file work39.csv (CSV, C-alpha atoms)
chain,number,residue,atom,x,y,z
A,1,MET,CA,21.3,21.2,14.8
A,2,THR,CA,19.7,17.9,15.6
A,3,GLY,CA,16.3,18.3,14.2
A,4,LEU,CA,15.4,17.2,10.7
A,5,ARG,CA,12.3,18.1,8.7
A,6,TYR,CA,9.9,15.3,7.9
A,7,VAL,CA,7.5,16.1,5.1
A,8,TYR,CA,4.1,14.4,5.0
A,9,ALA,CA,2.4,16.0,2.1
A,10,VAL,CA,2.2,19.0,-0.1
A,11,CYS,CA,-1.1,20.9,-0.4
A,12,ARG,CA,-2.5,24.1,-1.7
A,13,PRO,CA,-3.1,26.7,1.1
A,14,PHE,CA,-6.2,25.9,3.0
A,15,GLY,CA,-8.2,28.1,5.3
A,16,THR,CA,-8.9,25.8,8.2
A,17,PRO,CA,-6.1,25.6,10.7
A,18,LEU,CA,-4.6,22.2,11.6
A,19,GLN,CA,-5.9,20.6,14.7
A,20,ALA,CA,-3.8,21.9,17.5
A,21,GLU,CA,-3.0,18.5,18.9
A,22,LEU,CA,-2.2,16.9,15.6
A,23,THR,CA,1.0,15.1,16.3
A,24,GLY,CA,3.1,13.4,13.7
A,25,VAL,CA,6.0,11.0,13.5
A,26,ALA,CA,8.0,10.9,16.7
A,27,GLY,CA,5.3,12.7,18.6
A,28,ALA,CA,6.1,16.1,17.3
A,29,PRO,CA,3.4,18.5,16.3
A,30,ALA,CA,2.8,18.9,12.6
A,31,GLY,CA,3.1,22.4,11.1
A,32,LEU,CA,2.8,24.2,7.9
A,33,LEU,CA,5.5,25.6,5.7
A,34,HIS,CA,4.2,28.0,3.1
A,35,HIS,CA,6.3,28.6,0.0
A,36,HIS,CA,5.5,29.7,-3.5
A,37,GLY,CA,1.8,29.3,-3.1
A,38,LEU,CA,2.1,25.8,-1.8
A,39,VAL,CA,2.2,24.3,1.6
A,40,ALA,CA,4.4,21.6,2.9
A,41,VAL,CA,3.1,19.8,6.0
A,42,VAL,CA,6.1,19.1,8.1
A,43,SER,CA,7.3,18.2,11.6
A,44,THR,CA,10.7,18.0,13.3
A,45,VAL,CA,12.2,14.6,13.8
A,46,PRO,CA,15.4,13.7,15.6
A,47,GLU,CA,18.4,13.2,13.5
A,48,ALA,CA,19.4,10.3,15.7
A,49,ASP,CA,16.4,8.4,14.4
A,50,PHE,CA,16.0,9.8,10.9
A,51,GLY,CA,19.6,10.1,9.7
A,52,GLU,CA,20.3,7.8,6.8
A,53,GLU,CA,21.9,5.0,8.7
A,54,ALA,CA,19.5,5.1,11.6
A,55,LEU,CA,16.6,5.2,9.2
A,56,LYS,CA,17.7,2.1,7.4
A,57,ALA,CA,18.0,0.2,10.6
A,58,HIS,CA,14.7,1.4,11.9
A,59,LEU,CA,12.9,0.4,8.8
A,60,GLU,CA,13.7,-3.2,9.6
A,61,ASP,CA,12.1,-2.8,13.0
A,62,LEU,CA,8.5,-3.7,12.5
A,63,ASP,CA,7.2,-1.8,15.6
A,64,TRP,CA,9.0,1.3,14.6
A,65,LEU,CA,7.9,1.0,11.0
A,66,ALA,CA,4.3,0.5,12.1
A,67,ALA,CA,4.3,3.4,14.5
A,68,THR,CA,5.9,5.7,11.9
A,69,ALA,CA,3.5,4.6,9.2
A,70,ARG,CA,0.5,5.2,11.4
A,71,ALA,CA,1.7,8.6,12.5
A,72,HIS,CA,2.3,9.5,8.9
A,73,GLN,CA,-1.1,8.3,7.9
A,74,GLY,CA,-2.6,10.2,10.9
A,75,VAL,CA,-1.4,13.5,9.6
A,76,VAL,CA,-2.3,12.8,6.0
A,77,ASP,CA,-5.7,11.6,7.1
A,78,ALA,CA,-6.3,14.8,9.1
A,79,LEU,CA,-5.4,16.8,6.0
A,80,THR,CA,-7.9,15.0,3.9
A,81,THR,CA,-10.7,16.5,6.1
A,82,VAL,CA,-9.7,20.0,5.1
A,83,THR,CA,-8.1,19.8,1.7
A,84,THR,CA,-6.8,17.3,-0.9
A,85,PRO,CA,-3.3,16.6,0.1
A,86,LEU,CA,-0.6,15.2,-2.1
A,87,PRO,CA,0.9,12.6,0.2
A,88,LEU,CA,4.6,11.9,0.0
A,89,ARG,CA,6.3,8.6,0.4
A,90,LEU,CA,7.0,7.4,3.9
A,91,ALA,CA,10.2,8.9,5.5
A,92,THR,CA,10.9,11.8,3.2
A,93,VAL,CA,13.3,13.8,5.3
A,94,PHE,CA,15.1,17.1,4.8
A,95,ARG,CA,17.9,18.8,6.7
A,96,ASP,CA,15.9,22.0,7.4
A,97,ASP,CA,13.2,24.3,6.2
A,98,SER,CA,15.3,25.9,3.6
A,99,ALA,CA,16.0,22.5,2.0
A,100,VAL,CA,12.2,21.9,1.9
A,101,ARG,CA,11.8,25.2,0.2
A,102,VAL,CA,14.4,24.4,-2.4
A,103,MET,CA,12.6,21.1,-3.0
A,104,ILE,CA,9.3,22.9,-3.5
A,105,GLU,CA,10.8,25.3,-5.9
A,106,ALA,CA,12.3,22.5,-7.9
A,107,ARG,CA,9.0,20.7,-8.2
A,108,GLU,CA,6.3,23.2,-8.0
A,109,ASP,CA,5.0,22.7,-11.5
A,110,HIS,CA,4.8,19.0,-10.9
A,111,PHE,CA,3.1,19.4,-7.6
A,112,ARG,CA,0.5,21.8,-9.0
A,113,ALA,CA,-0.3,19.4,-11.9
A,114,LEU,CA,-0.8,16.6,-9.5
A,115,LEU,CA,-2.8,18.6,-7.1
A,116,ASP,CA,-5.1,19.7,-9.9
A,117,ARG,CA,-5.6,16.2,-11.0
A,118,LEU,CA,-6.3,14.9,-7.5
A,119,ASP,CA,-8.4,17.8,-6.3
A,120,GLY,CA,-11.6,16.6,-4.7
A,121,ARG,CA,-10.8,12.9,-5.2
A,122,VAL,CA,-10.1,10.1,-2.8
A,123,GLU,CA,-8.8,6.7,-3.1
A,124,TRP,CA,-10.7,3.5,-2.3
A,125,GLY,CA,-9.0,0.2,-1.8
A,126,VAL,CA,-10.8,-3.0,-2.8
A,127,LYS,CA,-9.5,-6.5,-2.2
A,128,VAL,CA,-11.0,-9.8,-3.2
A,129,TYR,CA,-10.1,-13.0,-1.4
A,130,ALA,CA,-11.0,-16.4,-2.6
A,131,GLU,CA,-12.0,-18.3,0.4
A,132,GLU,CA,-11.3,-21.8,-0.5
A,133,ALA,CA,-7.7,-20.9,-1.0
A,134,ALA,CA,-6.0,-23.9,-2.5
A,135,ASP,CA,-2.7,-22.6,-1.3
A,136,GLU,CA,-3.2,-23.2,2.4
A,137,PRO,CA,-0.3,-24.8,4.1
A,138,ALA,CA,-1.0,-28.3,5.2
A,139,GLY,CA,-2.7,-28.9,8.5
A,140,SER,CA,-6.2,-28.1,7.8
A,141,ALA,CA,-6.7,-30.0,4.7
A,142,PRO,CA,-10.5,-30.0,4.1
A,143,ALA,CA,-11.9,-33.4,3.7
A,144,ALA,CA,-8.7,-35.3,3.8
A,145,PRO,CA,-8.7,-37.7,0.9
A,146,GLU,CA,-8.5,-41.3,1.6
A,147,LYS,CA,-5.2,-42.9,1.6
A,148,PRO,CA,-4.5,-43.9,-2.0
A,149,ALA,CA,-4.6,-47.6,-2.4
A,150,SER,CA,-2.3,-47.7,-5.3
A,151,GLY,CA,-0.1,-45.5,-7.4
A,152,ARG,CA,-2.8,-45.1,-9.9
A,153,ASP,CA,-5.2,-44.0,-7.2
A,154,TYR,CA,-2.7,-41.5,-6.0
A,155,LEU,CA,-2.3,-40.0,-9.4
A,156,ARG,CA,-6.0,-39.8,-9.9
A,157,GLN,CA,-6.5,-38.0,-6.6
A,158,ARG,CA,-3.7,-35.7,-7.3
A,159,ARG,CA,-5.2,-34.8,-10.7
A,160,ALA,CA,-8.6,-34.2,-9.1
A,161,ARG,CA,-7.1,-32.0,-6.5
A,162,GLY,CA,-5.2,-30.1,-9.2
A,163,GLN,CA,-8.3,-29.6,-11.2
A,164,ALA,CA,-10.3,-28.3,-8.3
A,165,LYS,CA,-7.5,-25.9,-7.5
A,166,GLU,CA,-7.4,-24.8,-11.1
A,167,GLU,CA,-11.2,-24.3,-11.2
A,168,THR,CA,-11.2,-22.3,-8.0
A,169,TRP,CA,-8.4,-20.2,-9.4
A,170,GLN,CA,-10.2,-19.6,-12.7
A,171,ARG,CA,-13.4,-18.7,-11.0
A,172,ALA,CA,-11.6,-16.3,-8.7
A,173,GLU,CA,-9.9,-14.7,-11.7
A,174,ARG,CA,-13.2,-14.2,-13.5
A,175,PHE,CA,-14.9,-12.8,-10.5
A,176,ALA,CA,-12.0,-10.4,-9.8
A,177,HIS,CA,-11.9,-9.3,-13.4
A,178,ALA,CA,-15.6,-8.7,-13.6
A,179,LEU,CA,-15.6,-6.7,-10.4
A,180,HIS,CA,-12.6,-4.7,-11.4
A,181,GLU,CA,-14.3,-3.9,-14.8
A,182,ARG,CA,-17.3,-2.6,-13.0
A,183,LEU,CA,-15.5,-0.6,-10.4
A,184,SER,CA,-13.0,0.9,-12.8
A,185,ALA,CA,-15.9,2.1,-15.0
A,186,ARG,CA,-17.0,4.2,-12.0
A,187,ALA,CA,-13.6,5.4,-11.2
A,188,GLU,CA,-11.4,8.0,-12.8
A,189,ASP,CA,-8.3,5.9,-12.5
A,190,PHE,CA,-7.1,2.7,-10.9
A,191,ARG,CA,-4.0,1.0,-9.7
A,192,LEU,CA,-3.5,-2.7,-9.2
A,193,HIS,CA,-1.2,-3.4,-6.3
A,194,PRO,CA,0.4,-6.8,-6.1
A,195,PRO,CA,-1.8,-9.3,-4.2
A,196,GLN,CA,-1.0,-9.4,-0.5
A,197,ASN,CA,0.7,-12.3,1.1
A,198,SER,CA,-1.6,-13.9,3.6
A,199,ALA,CA,1.2,-14.4,6.0
A,200,LEU,CA,1.5,-10.6,6.2
A,201,SER,CA,-2.1,-9.7,6.1
A,202,ARG,CA,-3.2,-12.5,8.4
A,203,GLU,CA,-6.3,-12.7,6.3
A,204,SER,CA,-7.8,-16.0,5.4
A,205,GLY,CA,-8.1,-16.9,1.8
A,206,LEU,CA,-6.1,-16.0,-1.2
A,207,ASN,CA,-5.9,-12.4,-2.2
A,208,VAL,CA,-6.7,-12.3,-5.9
A,209,LEU,CA,-7.4,-8.6,-6.3
A,210,ASN,CA,-5.7,-5.7,-4.5
A,211,ALA,CA,-6.8,-2.6,-6.3
A,212,ALA,CA,-7.0,1.1,-5.6
A,213,TYR,CA,-9.6,3.4,-7.3
A,214,LEU,CA,-9.5,7.1,-7.7
A,215,VAL,CA,-13.0,8.4,-7.2
A,216,PRO,CA,-14.4,12.0,-6.8
A,217,ARG,CA,-15.5,12.6,-3.3
A,218,ALA,CA,-18.9,13.4,-4.6
A,219,HIS,CA,-19.3,10.0,-6.1
A,220,SER,CA,-17.9,8.1,-3.3
A,221,GLU,CA,-21.2,7.0,-1.8
A,222,GLU,CA,-22.2,5.4,-5.0
A,223,PHE,CA,-18.9,3.7,-5.4
A,224,VAL,CA,-19.1,2.3,-1.8
A,225,GLU,CA,-22.6,1.1,-2.5
A,226,LEU,CA,-21.5,-0.6,-5.6
A,227,VAL,CA,-18.8,-2.5,-3.7
A,228,ASP,CA,-21.3,-3.3,-1.0
A,229,HIS,CA,-23.6,-4.9,-3.5
A,230,THR,CA,-21.0,-7.3,-4.7
A,231,LYS,CA,-20.3,-8.6,-1.3
A,232,ASP,CA,-22.7,-11.4,-1.2
A,233,GLU,CA,-22.9,-11.8,-4.9
A,234,GLU,CA,-20.9,-14.9,-5.2
A,235,PRO,CA,-20.2,-17.5,-2.6
A,236,GLY,CA,-16.6,-18.3,-1.9
A,237,PHE,CA,-15.3,-14.8,-2.3
A,238,ARG,CA,-14.8,-12.0,0.2
A,239,VAL,CA,-14.7,-8.4,-0.9
A,240,GLU,CA,-13.1,-5.8,1.4
A,241,LEU,CA,-13.2,-2.1,1.1
A,242,THR,CA,-10.8,0.3,2.7
A,243,GLY,CA,-10.8,4.1,2.6
A,244,PRO,CA,-11.3,6.8,1.8
A,245,TRP,CA,-7.6,7.3,1.6
A,246,ALA,CA,-5.6,10.2,0.4
A,247,ALA,CA,-4.7,9.4,-3.2
A,248,TYR,CA,-1.4,7.7,-2.3
A,249,SER,CA,-1.6,5.3,-5.2
A,250,PHE,CA,-2.1,8.1,-7.8
A,251,THR,CA,0.8,10.3,-7.2
A,252,GLY,CA,2.9,8.7,-9.9
A,253,ASP,CA,4.0,10.4,-13.1
A,254,THR,CA,2.2,13.5,-13.8
A,255,GLY,CA,-1.0,13.5,-15.7
A,256,ASN,CA,-2.3,10.4,-17.2
A,257,THR,CA,-1.1,7.1,-16.1
A,258,ALA,CA,-1.7,5.0,-19.2
A,259,GLY,CA,1.0,2.5,-19.5
A,260,THR,CA,2.9,3.6,-16.4
A,261,GLY,CA,1.1,1.2,-14.1
A,262,ASP,CA,3.0,-1.1,-11.9
A,263,GLY,CA,2.0,-3.8,-14.3
A,264,ALA,CA,0.8,-5.9,-11.4
A,265,GLY,CA,-2.5,-6.9,-12.8
A,266,VAL,CA,-5.2,-9.2,-11.9
A,267,ALA,CA,-3.6,-11.7,-14.3
A,268,ASP,CA,-0.3,-11.4,-12.5
A,269,ALA,CA,-1.8,-12.8,-9.4
A,270,GLY,CA,-1.7,-16.2,-11.0
A,271,GLU,CA,2.0,-16.2,-11.3
A,272,GLU,CA,2.5,-15.4,-7.7
A,273,VAL,CA,0.7,-18.5,-6.7
A,274,SER,CA,1.8,-21.2,-9.1
B,1,MET,CA,-22.5,3.3,3.3
B,2,THR,CA,-22.3,0.3,5.3
B,3,VAL,CA,-19.2,-1.3,4.2
B,4,VAL,CA,-16.6,0.7,5.9
B,5,GLU,CA,-16.2,-0.5,9.4
B,6,ARG,CA,-13.7,1.9,10.9
B,7,ARG,CA,-11.5,-0.7,12.4
B,8,GLU,CA,-7.8,-0.1,12.6
B,9,ILE,CA,-6.2,0.0,9.2
B,10,ALA,CA,-4.2,-3.1,8.6
B,11,LEU,CA,-0.5,-2.5,8.4
B,12,VAL,CA,-0.2,-4.2,5.0
B,13,ASP,CA,-2.8,-1.9,3.5
B,14,LEU,CA,-0.9,1.1,5.0
B,15,LEU,CA,2.4,-0.1,3.6
B,16,ASP,CA,0.9,-0.8,0.2
B,17,ARG,CA,0.3,2.9,0.0
B,18,LEU,CA,3.0,4.5,2.1
B,19,LEU,CA,5.8,2.5,0.7
B,20,ALA,CA,4.6,1.9,-2.8
B,21,GLY,CA,2.7,5.1,-3.3
B,22,GLY,CA,3.1,8.7,-2.4
B,23,VAL,CA,5.2,11.1,-4.2
B,24,VAL,CA,8.8,10.0,-4.3
B,25,ILE,CA,11.2,12.8,-3.5
B,26,THR,CA,14.8,12.2,-2.9
B,27,GLY,CA,15.1,14.0,0.3
B,28,ASP,CA,18.4,15.0,1.9
B,29,ILE,CA,18.5,11.9,3.9
B,30,THR,CA,16.8,9.0,2.2
B,31,LEU,CA,19.2,9.3,-0.6
B,32,ARG,CA,19.8,5.7,-1.4
B,33,ILE,CA,16.7,4.0,-0.2
B,34,ALA,CA,15.2,3.1,-3.5
B,35,ASP,CA,11.6,2.0,-3.6
B,36,VAL,CA,12.4,-1.6,-4.2
B,37,ASP,CA,14.9,-1.8,-1.5
B,38,LEU,CA,12.6,-0.2,0.9
B,39,VAL,CA,9.7,-2.6,0.2
B,40,ARG,CA,12.0,-5.6,0.4
B,41,ILE,CA,13.3,-4.5,3.8
B,42,ASP,CA,9.9,-4.0,5.2
B,43,LEU,CA,8.5,-7.2,3.9
B,44,ASN,CA,11.3,-9.2,5.3
B,45,ALA,CA,10.9,-7.5,8.6
B,46,LEU,CA,7.2,-8.2,8.5
B,47,ILE,CA,7.5,-11.7,7.6
B,48,SER,CA,10.1,-12.6,10.1
B,49,SER,CA,8.2,-10.9,12.9
B,50,VAL,CA,4.7,-12.2,11.9
B,51,ASN,CA,5.7,-15.8,11.8
B,52,ALA,CA,9.2,-17.1,11.7
B,53,ALA,CA,7.9,-20.4,10.4
B,54,VAL,CA,6.5,-18.9,7.2
B,55,PRO,CA,9.1,-18.9,4.5
B,56,SER,CA,9.6,-15.6,2.9
B,57,PRO,CA,8.3,-15.4,-0.7
B,58,PHE,CA,11.3,-13.2,-1.4
B,59,GLU,CA,14.9,-13.9,-1.3
B,60,PRO,CA,15.6,-15.4,2.1
B,61,ARG,CA,18.7,-13.2,2.6
B,62,LEU,CA,18.1,-10.1,4.5
B,63,LEU,CA,19.9,-7.0,3.6
B,64,PRO,CA,23.6,-7.6,3.2
B,65,ALA,CA,25.6,-5.8,5.8
B,66,GLY,CA,27.4,-3.6,3.4
B,67,PRO,CA,25.9,-1.1,0.9
B,68,ALA,CA,23.2,-3.0,-0.9
B,69,GLU,CA,23.8,-4.0,-4.5
B,70,PRO,CA,20.3,-3.6,-5.9
B,71,SER,CA,21.3,-4.9,-9.3
B,72,GLU,CA,20.3,-8.5,-9.1
B,73,GLU,CA,17.2,-7.7,-7.0
B,74,VAL,CA,14.9,-6.9,-9.9
B,75,LEU,CA,13.2,-10.2,-10.8
call {"tool": "encode", "arguments": {"input": "work39.csv", "output": "structure tokens"}}
result
Amino acid sequence: MTGLRYVYAVCRPFGTPLQAELTGVAGAPAGLLHHHGLVAVVSTVPEADFGEEALKAHLEDLDWLAATARAHQGVVDALTTVTTPLPLRLATVFRDDSAVRVMIEAREDHFRALLDRLDGRVEWGVKVYAEEAADEPAGSAPAAPEKPASGRDYLRQRRARGQAKEETWQRAERFAHALHERLSARAEDFRLHPPQNSALSRESGLNVLNAAYLVPRAHSEEFVELVDHTKDEEPGFRVELTGPWAAYSFTGDTGNTAGTGDGAGVADAGEEVS
Amino acid sequence: MTVVERREIALVDLLDRLLAGGVVITGDITLRIADVDLVRIDLNALISSVNAAVPSPFEPRLLPAGPAEPSEEVL
């Protein structure tokens, strides 16, 4: 037996059939496995690529990782159009169908609780970038300061630059905090992801807020409008919205999330930078 | 609803969710790939492929060849 079972998500049974041409990871069609009143969305993946050792090696291969992540997301995204899926972590793989069934049995209460909590909700991602990122690598130093004439000049310039940087940072923090307050007031829950490294995102500016908000589908339009309004509110900041996502960021411990957050707060962002 | 331009989702945004989110189930196969390890692997892969000149914000060492010892990894 060379096929393994890749599991994308767990859902409650839904009436609509999956799109016939919905392909998942490794190009195989996604299918449904019903068990105990729940549905696992699965596809077959080759053991040669998803066995433990192979998987570890593949995860270091950016192209493979990207393709797999996009395929995973493609399936989950398709599910969000027909139901509220409970997405699983990337690369959750089982030997065969019966192992998937055993897993469902072991966790069905947990799944049901999470599915109840997420039912009808989606996740929106909001990121804030401070444009005049003080952290830019050399090269494009804006308004290059004059060559210091003396040691004292040098120190003065340095202090001025440090102050400007500090002010930018404080302003960014205030803006991000205020925005986050407003958005979380309109959301049922939120998660603060660690700020993204600009080398990875290739976005300009310094990422000072990288948050996910859990919002009922029915209130999504308002939420999006709220984000939209903030976009030009303050110069020097860029607000980016992504979504709607399946509630990936809200699948943590059952029920309420107080205190279990990742701890990566707005405030933490400062530490990343200094 | 004007904000959402449906351009391709950025890989980092995807990985924020697929590697840090989603229900974690220890499947039959991914036994020992703990969250932290996984994220570190990926970020290292990303960083080195995005731009070799950009120093990694994480430990420069990639995964050791042998079984990883995650103990000293946490902060």
call {"tool": "closest_residue", "arguments": {"input": "work39.csv", "among": "A:Thr83, A:Thr23, A:Gln170, A:Thr92", "to": "chain B", "atoms": "only C-alpha atoms"}}
result
A:Thr92
call {"tool": "interface_residues", "arguments": {"input": "work39.csv", "of": "chain A", "to": "chain B", "cutoff": "6 Å", "atoms": "all atoms listed in the file", "output": "VMD selection string"}}
result
chain A and resid 52 60 62 87 to 90 92 to 94 201 228 248 to 249 251
call {"tool": "residues_near_point", "arguments": {"input": "work39.csv", "point": "(2.3, 20.7, 14.4)", "cutoff": "8 Å", "atoms": "only C-alpha atoms", "output": "ChimeraX atom specification"}}
result
/A:18,20-24,28-32,42-43
call {"tool": "closest_residue", "arguments": {"input": "work39.csv", "among": "A:Val128, A:His35, A:Ala164, A:Ser204", "to": "Asp232 (chain A)", "atoms": "all atoms listed in the file"}}
result
A:Val128
call {"tool": "atom_distance", "arguments": {"input": "work39.csv", "atom1": "CA of Leu226 (chain A)", "atom2": "CA of Leu209 (chain A)"}}
result
16.2 Å
call {"tool": "atom_distance", "arguments": {"input": "work39.csv", "atom1": "CA of Phe14 (chain A)", "atom2": "CA of Val75 (chain A)"}}
result
14.8 Å
call {"tool": "atom_distance", "arguments": {"input": "work39.csv", "atom1": "CA of Arg186 (chain A)", "atom2": "CA of Tyr8 (chain A)"}}
result
29.0 Å
call {"tool": "residues_around", "arguments": {"input": "work39.csv", "residues": "Asp96 (chain A)", "least_positions_apart": "6", "cutoff": "8 Å", "atoms": "all atoms listed in the file", "output": "VMD selection string"}}
result
chain A and resid 3 to 5
call {"tool": "build_atoms", "arguments": {"input": "work39.csv", "residues": "region 58-69 of chain A", "atoms": "N, CA and C atoms", "output": "short mmCIF file (atom, residue, chain, number, x, y, z; two decimals), in the frame of the given file"}}
result
data_model
loop_
_atom_site.label_atom_id
_atom_site.label_comp_id
_atom_site.auth_asym_id
_atom_site.auth_seq_id
_atom_site.Cartn_x
_atom_site.Cartn_y
_atom_site.Cartn_z
N HIS A 58 16.04 1.34 11.35
CA HIS A 58 14.70 1.40 11.90
C HIS A 58 13.65 0.77 10.97
N LEU A 59 13.88 0.91 9.69
CA LEU A 59 12.90 0.40 8.80
C LEU A 59 12.77 -1.13 8.82
N GLU A 60 13.76 -1.74 9.42
CA GLU A 60 13.70 -3.20 9.60
C GLU A 60 13.02 -3.57 10.89
N ASP A 61 12.70 -2.58 11.66
CA ASP A 61 12.10 -2.80 13.00
C ASP A 61 10.58 -2.65 12.80
N LEU A 62 9.88 -3.74 12.87
CA LEU A 62 8.50 -3.70 12.50
C LEU A 62 7.67 -2.72 13.41
N ASP A 63 7.98 -2.71 14.69
CA ASP A 63 7.20 -1.80 15.60
C ASP A 63 7.46 -0.37 15.22
N TRP A 64 8.70 -0.08 14.96
CA TRP A 64 9.00 1.30 14.60
C TRP A 64 8.37 1.66 13.27
N LEU A 65 8.47 0.76 12.33
CA LEU A 65 7.90 1.00 11.00
C LEU A 65 6.36 1.22 11.15
N ALA A 66 5.72 0.37 11.94
CA ALA A 66 4.30 0.50 12.10
C ALA A 66 3.89 1.81 12.75
N ALA A 67 4.61 2.17 13.79
CA ALA A 67 4.30 3.40 14.50
C ALA A 67 4.51 4.61 13.57
N THR A 68 5.59 4.57 12.80
CA THR A 68 5.90 5.70 11.90
C THR A 68 4.85 5.76 10.79
N ALA A 69 4.50 4.61 10.25
CA ALA A 69 3.50 4.60 9.20
C ALA A 69 2.16 5.12 9.69
#
